[in-house]
$ cat my_file-v9.pdb   # PDB, C-alpha atoms
ATOM      1  CA  MET A 236       0.000   0.000   0.000
ATOM      2  CA  ARG A 237       1.338   3.390  -1.048
ATOM      3  CA  PRO A 238       2.042   5.698   1.923
ATOM      4  CA  VAL A 239      -0.081   8.855   2.242
ATOM      5  CA  THR A 240       2.002  11.873   1.519
ATOM      6  CA  GLY A 241       1.768  15.129   3.487
ATOM      7  CA  ALA A 242       0.248  17.051   0.586
ATOM      8  CA  LEU A 243      -2.468  14.456   0.045
ATOM      9  CA  LEU A 244      -3.316  14.429   3.749
ATOM     10  CA  ARG A 245      -3.692  18.173   3.811
ATOM     11  CA  ALA A 246      -5.976  18.042   0.780
ATOM     12  CA  LEU A 247      -8.215  15.442   2.425
ATOM     13  CA  VAL A 248      -8.495  17.528   5.612
ATOM     14  CA  LEU A 249      -9.447  20.596   3.566
ATOM     15  CA  VAL A 250     -12.191  18.655   1.758
ATOM     16  CA  VAL A 251     -13.643  17.403   5.077
ATOM     17  CA  VAL A 252     -13.651  20.925   6.534
ATOM     18  CA  VAL A 253     -15.449  22.332   3.482
ATOM     19  CA  LEU A 254     -18.064  19.566   3.610
ATOM     20  CA  LEU A 255     -18.747  20.131   7.307
ATOM     21  CA  ALA A 256     -19.074  23.885   6.845
ATOM     22  CA  THR A 257     -21.517  23.439   3.990
ATOM     23  CA  GLY A 258     -23.700  20.957   5.876
ATOM     24  CA  CYS A 259     -23.916  22.894   9.135
ATOM     25  CA  GLY A 260     -24.388  26.397   7.798
ATOM     26  CA  VAL A 261     -27.656  28.323   7.882
ATOM     27  CA  GLN A 262     -29.085  28.883   4.470
ATOM     28  CA  ALA A 263     -29.848  32.488   3.536
ATOM     29  CA  GLN A 264     -33.543  33.349   2.951
ATOM     30  CA  ASP A 265     -34.871  35.394   0.049
ATOM     31  CA  ARG A 266     -37.295  37.306   2.351
ATOM     32  CA  PRO A 267     -37.935  37.424   6.099
ATOM     33  CA  GLU A 268     -40.471  35.074   7.649
ATOM     34  CA  PRO A 269     -42.481  35.915  10.769
ATOM     35  CA  VAL A 270     -41.534  34.123  13.938
ATOM     36  CA  VAL A 271     -44.518  32.906  15.946
ATOM     37  CA  THR A 272     -44.079  33.015  19.715
ATOM     38  CA  ALA A 273     -46.498  31.976  22.444
ATOM     39  CA  ALA A 274     -48.297  34.780  24.299
ATOM     40  CA  PRO A 275     -46.978  35.354  27.852
ATOM     41  CA  PRO A 276     -49.213  33.900  30.579
ATOM     42  CA  SER A 277     -51.609  36.373  32.189
ATOM     43  CA  THR A 278     -50.645  37.324  35.729
ATOM     44  CA  ASP A 279     -54.133  38.578  36.603
ATOM     45  CA  ALA A 280     -57.138  36.654  35.404
ATOM     46  CA  SER A 281     -59.641  38.895  37.153
ATOM     47  CA  GLY A 282     -58.540  42.396  36.113
ATOM     48  CA  ASP A 283     -56.741  44.990  38.208
ATOM     49  CA  SER A 284     -55.564  43.235  41.368
ATOM     50  CA  ARG A 285     -55.223  46.534  43.271
ATOM     51  CA  ARG A 286     -58.744  47.516  42.371
ATOM     52  CA  ASP A 287     -60.104  44.146  43.455
ATOM     53  CA  GLY A 288     -57.917  43.921  46.574
ATOM     54  CA  PRO A 289     -58.262  45.464  50.033
ATOM     55  CA  ARG A 290     -58.974  49.174  50.414
ATOM     56  CA  LEU A 291     -58.315  51.696  53.159
ATOM     57  CA  THR A 292     -60.487  54.648  54.133
ATOM     58  CA  LEU A 293     -58.443  57.803  54.679
ATOM     59  CA  TYR A 294     -59.620  61.159  56.000
ATOM     60  CA  LEU A 295     -58.610  64.278  54.108
ATOM     61  CA  VAL A 296     -60.143  67.750  54.421
ATOM     62  CA  ARG A 297     -62.907  69.554  52.569
ATOM     63  CA  GLY A 298     -63.608  73.054  53.818
ATOM     64  CA  ALA A 299     -63.308  72.839  57.611
ATOM     65  CA  ASP A 300     -64.360  69.191  57.956
ATOM     66  CA  LEU A 301     -62.851  65.787  57.379
ATOM     67  CA  ALA A 302     -63.662  64.063  54.098
ATOM     68  CA  PRO A 303     -63.366  60.261  53.693
ATOM     69  CA  VAL A 304     -61.672  58.868  50.572
ATOM     70  CA  GLU A 305     -60.675  55.338  49.627
ATOM     71  CA  ARG A 306     -57.361  53.974  48.445
ATOM     72  CA  PRO A 307     -56.401  50.473  47.212
ATOM     73  CA  THR A 308     -53.613  48.848  49.172
ATOM     74  CA  SER A 309     -51.678  45.630  49.445
ATOM     75  CA  ARG A 310     -51.209  45.981  53.238
ATOM     76  CA  VAL A 311     -53.948  46.837  55.714
ATOM     77  CA  THR A 312     -51.693  48.235  58.441
ATOM     78  CA  ALA A 313     -51.378  51.459  60.400
ATOM     79  CA  GLN A 314     -48.101  52.323  58.674
ATOM     80  CA  SER A 315     -49.593  51.739  55.235
ATOM     81  CA  ALA A 316     -52.583  53.922  56.129
ATOM     82  CA  LEU A 317     -50.281  56.762  57.221
ATOM     83  CA  GLU A 318     -48.132  56.477  54.108
ATOM     84  CA  LEU A 319     -51.213  56.785  51.915
ATOM     85  CA  LEU A 320     -52.602  59.608  54.059
ATOM     86  CA  VAL A 321     -49.550  61.843  53.731
ATOM     87  CA  GLU A 322     -49.647  61.503  49.945
ATOM     88  CA  GLY A 323     -52.667  63.791  50.057
ATOM     89  CA  PRO A 324     -55.515  64.084  47.541
ATOM     90  CA  THR A 325     -55.442  62.963  43.938
ATOM     91  CA  ARG A 326     -55.710  65.587  41.211
ATOM     92  CA  ALA A 327     -59.384  64.774  40.748
ATOM     93  CA  GLU A 328     -60.019  65.119  44.488
ATOM     94  CA  ALA A 329     -58.107  68.414  44.606
ATOM     95  CA  ARG A 330     -60.291  69.764  41.782
ATOM     96  CA  ASP A 331     -63.273  68.773  43.912
ATOM     97  CA  GLY A 332     -62.013  70.916  46.802
ATOM     98  CA  VAL A 333     -60.329  68.159  48.837
ATOM     99  CA  ARG A 334     -57.014  69.009  50.524
ATOM    100  CA  THR A 335     -54.821  67.866  53.411
ATOM    101  CA  ALA A 336     -53.514  69.643  56.514
ATOM    102  CA  LEU A 337     -50.555  67.258  56.764
ATOM    103  CA  ALA A 338     -47.043  67.732  55.413
ATOM    104  CA  PRO A 339     -45.513  64.610  53.791
ATOM    105  CA  GLU A 340     -42.683  64.166  56.307
ATOM    106  CA  VAL A 341     -44.439  64.536  59.626
ATOM    107  CA  VAL A 342     -45.813  61.127  60.587
ATOM    108  CA  GLY A 343     -44.749  57.535  61.152
ATOM    109  CA  VAL A 344     -45.908  54.680  63.375
ATOM    110  CA  GLU A 345     -43.620  54.343  66.395
ATOM    111  CA  GLN A 346     -45.480  51.693  68.382
ATOM    112  CA  GLN A 347     -48.708  49.717  68.207
ATOM    113  CA  LEU A 348     -50.000  47.856  71.263
ATOM    114  CA  ALA A 349     -52.421  44.975  71.494
ATOM    115  CA  ASP A 350     -54.931  47.060  73.463
ATOM    116  CA  GLY A 351     -55.492  49.343  70.462
ATOM    117  CA  LEU A 352     -53.181  52.188  71.512
ATOM    118  CA  THR A 353     -50.975  53.385  68.653
ATOM    119  CA  THR A 354     -48.126  55.866  69.071
ATOM    120  CA  VAL A 355     -47.364  58.132  66.127
ATOM    121  CA  SER A 356     -44.008  59.886  65.882
ATOM    122  CA  VAL A 357     -44.077  63.354  64.320
ATOM    123  CA  SER A 358     -41.441  65.946  63.493
ATOM    124  CA  ARG A 359     -41.131  69.249  65.306
ATOM    125  CA  GLY A 360     -42.628  70.887  62.257
ATOM    126  CA  PHE A 361     -45.903  69.191  63.124
ATOM    127  CA  THR A 362     -46.185  71.230  66.302
ATOM    128  CA  GLY A 363     -45.722  74.398  64.265
ATOM    129  CA  LEU A 364     -48.836  73.926  62.157
ATOM    130  CA  ALA A 365     -51.044  76.973  62.502
ATOM    131  CA  GLY A 366     -54.278  77.044  64.491
ATOM    132  CA  GLY A 367     -57.085  75.042  62.981
ATOM    133  CA  ASN A 368     -54.742  73.221  60.599
ATOM    134  CA  GLN A 369     -53.051  71.450  63.512
ATOM    135  CA  LEU A 370     -56.368  70.261  64.897
ATOM    136  CA  LEU A 371     -57.367  69.068  61.408
ATOM    137  CA  ALA A 372     -53.995  67.352  60.939
ATOM    138  CA  VAL A 373     -54.336  65.475  64.234
ATOM    139  CA  ALA A 374     -57.952  64.615  63.408
ATOM    140  CA  GLN A 375     -56.892  63.246  60.007
ATOM    141  CA  VAL A 376     -54.398  60.894  61.648
ATOM    142  CA  VAL A 377     -56.764  59.819  64.440
ATOM    143  CA  TRP A 378     -59.783  59.184  62.210
ATOM    144  CA  THR A 379     -57.694  57.366  59.592
ATOM    145  CA  LEU A 380     -55.963  55.054  62.078
ATOM    146  CA  THR A 381     -59.091  54.303  64.111
ATOM    147  CA  GLU A 382     -60.738  53.164  60.882
ATOM    148  CA  LEU A 383     -58.631  50.039  61.397
ATOM    149  CA  PRO A 384     -60.110  47.443  63.767
ATOM    150  CA  THR A 385     -56.775  47.157  65.604
ATOM    151  CA  VAL A 386     -56.584  50.852  66.594
ATOM    152  CA  THR A 387     -58.798  52.601  69.152
ATOM    153  CA  THR A 388     -56.688  55.498  70.457
ATOM    154  CA  VAL A 389     -53.654  57.463  69.258
ATOM    155  CA  ARG A 390     -50.956  59.447  71.033
ATOM    156  CA  PHE A 391     -48.230  61.618  69.519
ATOM    157  CA  THR A 392     -44.517  61.939  70.268
ATOM    158  CA  VAL A 393     -41.557  64.023  69.086
ATOM    159  CA  GLY A 394     -38.217  62.291  69.574
ATOM    160  CA  GLY A 395     -39.826  59.759  71.911
ATOM    161  CA  THR A 396     -41.410  62.420  74.160
ATOM    162  CA  LEU A 397     -45.167  62.758  74.434
ATOM    163  CA  ILE A 398     -46.486  66.062  73.105
ATOM    164  CA  GLU A 399     -49.738  67.944  73.574
ATOM    165  CA  VAL A 400     -52.132  67.993  70.672
ATOM    166  CA  PRO A 401     -55.292  70.068  70.191
ATOM    167  CA  THR A 402     -58.728  68.542  70.724
ATOM    168  CA  ASP A 403     -62.240  69.958  70.785
ATOM    169  CA  GLU A 404     -61.727  70.563  74.534
ATOM    170  CA  GLY A 405     -58.209  72.034  74.339
ATOM    171  CA  LEU A 406     -54.632  70.703  74.513
ATOM    172  CA  THR A 407     -53.843  67.272  75.926
ATOM    173  CA  ASP A 408     -50.950  64.813  75.969
ATOM    174  CA  ARG A 409     -53.157  61.789  76.616
ATOM    175  CA  ALA A 410     -54.176  59.279  73.963
ATOM    176  CA  VAL A 411     -57.001  60.672  71.832
ATOM    177  CA  ALA A 412     -59.873  59.087  69.912
ATOM    178  CA  ARG A 413     -62.512  60.053  67.365
ATOM    179  CA  ASP A 414     -64.788  61.566  69.973
ATOM    180  CA  ASP A 415     -62.145  64.236  70.626
ATOM    181  CA  TYR A 416     -62.656  65.595  67.100
ATOM    182  CA  ARG A 417     -66.405  65.578  66.566
ATOM    183  CA  SER A 418     -66.272  69.288  65.673
ATOM    184  CA  VAL A 419     -64.601  68.373  62.358
ATOM    185  CA  ALA A 420     -66.360  65.056  61.774
ATOM    186  CA  PRO A 421     -67.305  64.261  58.176
ATOM    187  CA  ILE A 422     -70.654  65.739  57.227
ATOM    188  CA  GLU A 423     -72.312  62.339  56.882
ATOM    189  CA  GLU A 424     -71.102  61.346  60.374
ATOM    190  CA  ALA A 425     -71.629  64.632  62.189
ATOM    191  CA  PRO A 426     -74.313  64.650  64.913
ATOM    192  CA  THR A 427     -77.685  65.549  63.454
ATOM    193  CA  GLY A 428     -79.778  65.877  66.639
ATOM    194  CA  PRO A 429     -81.524  69.154  67.545
ATOM    195  CA  THR A 430     -79.345  71.889  68.998
ATOM    196  CA  ALA A 431     -80.117  74.514  71.599
ATOM    197  CA  THR A 432     -80.958  77.022  68.850
ATOM    198  CA  ASP A 433     -83.439  74.752  67.132
ATOM    199  CA  PRO A 434     -87.118  75.550  67.880
ATOM    200  CA  ALA A 435     -88.811  73.102  70.193
ATOM    201  CA  PRO A 436     -91.081  70.695  68.340
ATOM    202  CA  ALA A 437     -94.697  71.776  68.439
ATOM    203  CA  GLY A 438     -96.953  69.592  70.541
ATOM    204  CA  PRO A 439    -100.513  68.594  69.586
ATOM    205  CA  THR A 440    -103.046  71.427  69.727
ATOM    206  CA  ALA A 441    -105.936  70.741  72.082
ATOM    207  CA  THR A 442    -109.399  70.983  70.501
ATOM    208  CA  PRO A 443    -111.983  72.716  72.662
ATOM    209  CA  ALA A 444    -114.605  70.265  73.874
ATOM    210  CA  PRO A 445    -118.272  71.091  73.153
ATOM    211  CA  GLY A 446    -120.348  72.753  75.880
ATOM    212  CA  GLY A 447    -117.319  74.301  77.583
ATOM    213  CA  ALA A 448    -116.009  70.950  78.734
ATOM    214  CA  THR A 449    -112.308  70.595  79.314
ATOM    215  CA  PRO A 450    -110.243  68.200  77.207
ATOM    216  CA  THR A 451    -110.722  65.646  79.990
ATOM    217  CA  GLY A 452    -114.465  65.645  79.392
ATOM    218  CA  ARG A 453    -115.312  67.320  82.717
ATOM    219  CA  SER A 454    -117.197  70.618  82.989
ATOM    220  CA  PRO A 455    -115.159  73.460  84.427
ATOM    221  CA  VAL A 456    -115.659  74.122  88.125
ATOM    222  CA  PRO A 457    -117.175  77.610  88.597
ATOM    223  CA  ASP A 458    -115.299  80.099  90.724
ATOM    224  CA  ARG A 459    -116.638  80.443  94.191
TER     225      ARG A 459
END

$ encode --input "my_file-v9.pdb" --output "structure tokens"
Amino acid sequence: MRPVTGALLRALVLVVVVLLATGCGVQAQDRPEPVVTAAPPSTDASGDSRRDGPRLTLYLVRGADLAPVERPTSRVTAQSALELLVEGPTRAEARDGVRTALAPEVVGVEQQLADGLTTVSVSRGFTGLAGGNQLLAVAQVVWTLTELPTVTTVRFTVGGTLIEVPTDEGLTDRAVARDDYRSVAPIEEAPTGPTATDPAPAGPTATPAPGGATPTGRSPVPDR
């Protein structure tokens, strides 16, 4: 058998390489073809999950009273309620006359106890809110937090020290509740009973009995 020379061996290797390259290459196309891909799976089969999920009632301000609004949330907690509260009204609500007395940086939950007492930490700027705005700001926090079933009363601190807050009856450093802010209660929840300035309801008018008899049916006793 004739030995394979170096030149012949190189030629054979070159032929094999060319054949492999031709067989494995991707053929060019005359025009592009669409690539069909599967649609991504839907992550929400029932629509907007936030819209269908839990909601929190917050208390903003309209005029000089509190105004309830709703917000979707993923967490029904005191901290979540405060975070949503300090965001203030939406543009649509603001056009409708809704505002807030709170500044965005003034509140945060410091402590929440099992008996329903929640401590809210505020900045020193909170104590500088003017007049009626401070009472409204405190009322917003108290009414919003006590909307939660786990909160019944609220107290306020600055740097861990209890501070006085305004109520309908004046300043106090005790824990406060909704009843301390009935003067700014939402219109639909404000007391509707008669006030001291309302006229007394008229009683039934007695109809004179025939023959001079009194309403009891007895004839009047003549003066002696």

$ atom_distance --input "my_file-v9.pdb" --atom1 "atom CA of Gly332 of chain A" --atom2 "atom CA of Glu404 of chain A"
27.7 Å

$ closest_residue --input "my_file-v9.pdb" --among "A:Val321, A:Ala313, A:Ala412, A:Leu352" --to "Val377 of chain A" --atoms "all atoms listed in the file"
A:Ala412

$ closest_residue --input "my_file-v9.pdb" --among "A:Thr407, A:Ser356, A:Thr362, A:Asn368" --to "Arg334 of chain A" --atoms "all atoms listed in the file"
A:Asn368

$ closest_residue --input "my_file-v9.pdb" --among "A:Gly298, A:Gly288, A:Pro324, A:Pro307" --to "Pro421 of chain A" --atoms "all atoms listed in the file"
A:Gly298

$ residues_around --input "my_file-v9.pdb" --residues "Asp408 of chain A" --least-positions-apart "5" --cutoff "8 Å" --atoms "all atoms listed in the file" --output "PyMOL selection string"
chain A and resi 390-391+397-400

$ write_last_selection --input "my_file-v9.pdb" --atoms "C-alpha atoms" --output "PDB file, keeping the file's coordinate frame"
ATOM      1  CA  ARG A 390     -50.956  59.447  71.033  1.00  0.00           C
ATOM      2  CA  PHE A 391     -48.230  61.618  69.519  1.00  0.00           C
ATOM      3  CA  LEU A 397     -45.167  62.758  74.434  1.00  0.00           C
ATOM      4  CA  ILE A 398     -46.486  66.062  73.105  1.00  0.00           C
ATOM      5  CA  GLU A 399     -49.738  67.944  73.574  1.00  0.00           C
ATOM      6  CA  VAL A 400     -52.132  67.993  70.672  1.00  0.00           C
TER       7      VAL A 400
END

$ atom_distance --input "my_file-v9.pdb" --atom1 "atom CA of Tyr294 of chain A" --atom2 "atom CA of Ala374 of chain A"
8.3 Å

$ residues_around --input "my_file-v9.pdb" --residues "Leu319 of chain A" --least-positions-apart "2" --cutoff "12 Å" --atoms "only C-alpha atoms" --output "PyMOL selection string"
chain A and resi 290-295+304-317+321-325+335+337+339+342-343+375-376+379-380

$ build_atoms --input "my_file-v9.pdb" --residues "segment 331-360 of chain A" --atoms "N, CA and C atoms" --output "PDB file, in the frame of the given file"
ATOM      1  N   ASP A 331     -61.984  68.817  43.228  1.00  0.00           N
ATOM      2  CA  ASP A 331     -63.273  68.773  43.912  1.00  0.00           C
ATOM      3  C   ASP A 331     -63.224  69.482  45.262  1.00  0.00           C
ATOM      4  N   GLY A 332     -62.115  70.151  45.564  1.00  0.00           N
ATOM      5  CA  GLY A 332     -62.013  70.916  46.802  1.00  0.00           C
ATOM      6  C   GLY A 332     -61.444  70.157  47.980  1.00  0.00           C
ATOM      7  N   VAL A 333     -60.902  68.961  47.750  1.00  0.00           N
ATOM      8  CA  VAL A 333     -60.329  68.159  48.837  1.00  0.00           C
ATOM      9  C   VAL A 333     -58.857  68.524  48.998  1.00  0.00           C
ATOM     10  N   ARG A 334     -58.402  68.657  50.235  1.00  0.00           N
ATOM     11  CA  ARG A 334     -57.014  69.009  50.524  1.00  0.00           C
ATOM     12  C   ARG A 334     -56.557  68.214  51.748  1.00  0.00           C
ATOM     13  N   THR A 335     -55.329  68.483  52.194  1.00  0.00           N
ATOM     14  CA  THR A 335     -54.821  67.866  53.411  1.00  0.00           C
ATOM     15  C   THR A 335     -54.146  68.932  54.268  1.00  0.00           C
ATOM     16  N   ALA A 336     -54.205  68.741  55.591  1.00  0.00           N
ATOM     17  CA  ALA A 336     -53.514  69.643  56.514  1.00  0.00           C
ATOM     18  C   ALA A 336     -52.158  69.090  56.913  1.00  0.00           C
ATOM     19  N   LEU A 337     -51.811  67.911  56.402  1.00  0.00           N
ATOM     20  CA  LEU A 337     -50.555  67.258  56.764  1.00  0.00           C
ATOM     21  C   LEU A 337     -49.449  67.587  55.774  1.00  0.00           C
ATOM     22  N   ALA A 338     -48.214  67.667  56.274  1.00  0.00           N
ATOM     23  CA  ALA A 338     -47.043  67.732  55.413  1.00  0.00           C
ATOM     24  C   ALA A 338     -46.501  66.313  55.242  1.00  0.00           C
ATOM     25  N   PRO A 339     -45.891  66.000  54.082  1.00  0.00           N
ATOM     26  CA  PRO A 339     -45.513  64.610  53.791  1.00  0.00           C
ATOM     27  C   PRO A 339     -44.551  63.972  54.786  1.00  0.00           C
ATOM     28  N   GLU A 340     -43.738  64.768  55.493  1.00  0.00           N
ATOM     29  CA  GLU A 340     -42.683  64.166  56.307  1.00  0.00           C
ATOM     30  C   GLU A 340     -42.997  64.102  57.794  1.00  0.00           C
ATOM     31  N   VAL A 341     -44.239  64.334  58.198  1.00  0.00           N
ATOM     32  CA  VAL A 341     -44.439  64.536  59.626  1.00  0.00           C
ATOM     33  C   VAL A 341     -44.908  63.317  60.415  1.00  0.00           C
ATOM     34  N   VAL A 342     -45.254  62.217  59.797  1.00  0.00           N
ATOM     35  CA  VAL A 342     -45.813  61.127  60.587  1.00  0.00           C
ATOM     36  C   VAL A 342     -45.168  59.780  60.291  1.00  0.00           C
ATOM     37  N   GLY A 343     -45.198  58.912  61.285  1.00  0.00           N
ATOM     38  CA  GLY A 343     -44.749  57.535  61.152  1.00  0.00           C
ATOM     39  C   GLY A 343     -45.171  56.770  62.389  1.00  0.00           C
ATOM     40  N   VAL A 344     -45.479  55.489  62.238  1.00  0.00           N
ATOM     41  CA  VAL A 344     -45.908  54.680  63.375  1.00  0.00           C
ATOM     42  C   VAL A 344     -44.696  54.296  64.210  1.00  0.00           C
ATOM     43  N   GLU A 345     -44.720  54.659  65.493  1.00  0.00           N
ATOM     44  CA  GLU A 345     -43.620  54.343  66.395  1.00  0.00           C
ATOM     45  C   GLU A 345     -43.888  53.061  67.169  1.00  0.00           C
ATOM     46  N   GLN A 346     -45.135  52.866  67.577  1.00  0.00           N
ATOM     47  CA  GLN A 346     -45.480  51.693  68.382  1.00  0.00           C
ATOM     48  C   GLN A 346     -46.968  51.412  68.261  1.00  0.00           C
ATOM     49  N   GLN A 347     -47.303  50.120  68.242  1.00  0.00           N
ATOM     50  CA  GLN A 347     -48.708  49.717  68.207  1.00  0.00           C
ATOM     51  C   GLN A 347     -48.900  48.590  69.213  1.00  0.00           C
ATOM     52  N   LEU A 348     -49.785  48.817  70.186  1.00  0.00           N
ATOM     53  CA  LEU A 348     -50.000  47.856  71.263  1.00  0.00           C
ATOM     54  C   LEU A 348     -51.245  47.029  71.011  1.00  0.00           C
ATOM     55  N   ALA A 349     -51.306  45.893  71.688  1.00  0.00           N
ATOM     56  CA  ALA A 349     -52.421  44.975  71.494  1.00  0.00           C
ATOM     57  C   ALA A 349     -53.739  45.546  71.990  1.00  0.00           C
ATOM     58  N   ASP A 350     -53.685  46.508  72.929  1.00  0.00           N
ATOM     59  CA  ASP A 350     -54.931  47.060  73.463  1.00  0.00           C
ATOM     60  C   ASP A 350     -55.527  48.147  72.572  1.00  0.00           C
ATOM     61  N   GLY A 351     -54.939  48.370  71.394  1.00  0.00           N
ATOM     62  CA  GLY A 351     -55.492  49.343  70.462  1.00  0.00           C
ATOM     63  C   GLY A 351     -54.833  50.702  70.510  1.00  0.00           C
ATOM     64  N   LEU A 352     -53.888  50.910  71.426  1.00  0.00           N
ATOM     65  CA  LEU A 352     -53.181  52.188  71.512  1.00  0.00           C
ATOM     66  C   LEU A 352     -52.042  52.212  70.499  1.00  0.00           C
ATOM     67  N   THR A 353     -52.031  53.228  69.645  1.00  0.00           N
ATOM     68  CA  THR A 353     -50.975  53.385  68.653  1.00  0.00           C
ATOM     69  C   THR A 353     -50.259  54.708  68.885  1.00  0.00           C
ATOM     70  N   THR A 354     -48.936  54.663  68.894  1.00  0.00           N
ATOM     71  CA  THR A 354     -48.126  55.866  69.071  1.00  0.00           C
ATOM     72  C   THR A 354     -47.593  56.307  67.720  1.00  0.00           C
ATOM     73  N   VAL A 355     -47.809  57.569  67.398  1.00  0.00           N
ATOM     74  CA  VAL A 355     -47.364  58.132  66.127  1.00  0.00           C
ATOM     75  C   VAL A 355     -46.256  59.139  66.401  1.00  0.00           C
ATOM     76  N   SER A 356     -45.134  58.967  65.738  1.00  0.00           N
ATOM     77  CA  SER A 356     -44.008  59.886  65.882  1.00  0.00           C
ATOM     78  C   SER A 356     -44.121  60.976  64.819  1.00  0.00           C
ATOM     79  N   VAL A 357     -43.991  62.226  65.243  1.00  0.00           N
ATOM     80  CA  VAL A 357     -44.077  63.354  64.320  1.00  0.00           C
ATOM     81  C   VAL A 357     -42.829  64.214  64.448  1.00  0.00           C
ATOM     82  N   SER A 358     -42.580  65.031  63.440  1.00  0.00           N
ATOM     83  CA  SER A 358     -41.441  65.946  63.493  1.00  0.00           C
ATOM     84  C   SER A 358     -41.828  67.202  64.267  1.00  0.00           C
ATOM     85  N   ARG A 359     -40.845  67.997  64.596  1.00  0.00           N
ATOM     86  CA  ARG A 359     -41.131  69.249  65.306  1.00  0.00           C
ATOM     87  C   ARG A 359     -41.935  70.214  64.445  1.00  0.00           C
ATOM     88  N   GLY A 360     -41.834  70.045  63.141  1.00  0.00           N
ATOM     89  CA  GLY A 360     -42.628  70.887  62.257  1.00  0.00           C
ATOM     90  C   GLY A 360     -44.118  70.678  62.429  1.00  0.00           C
TER      91      GLY A 360
END
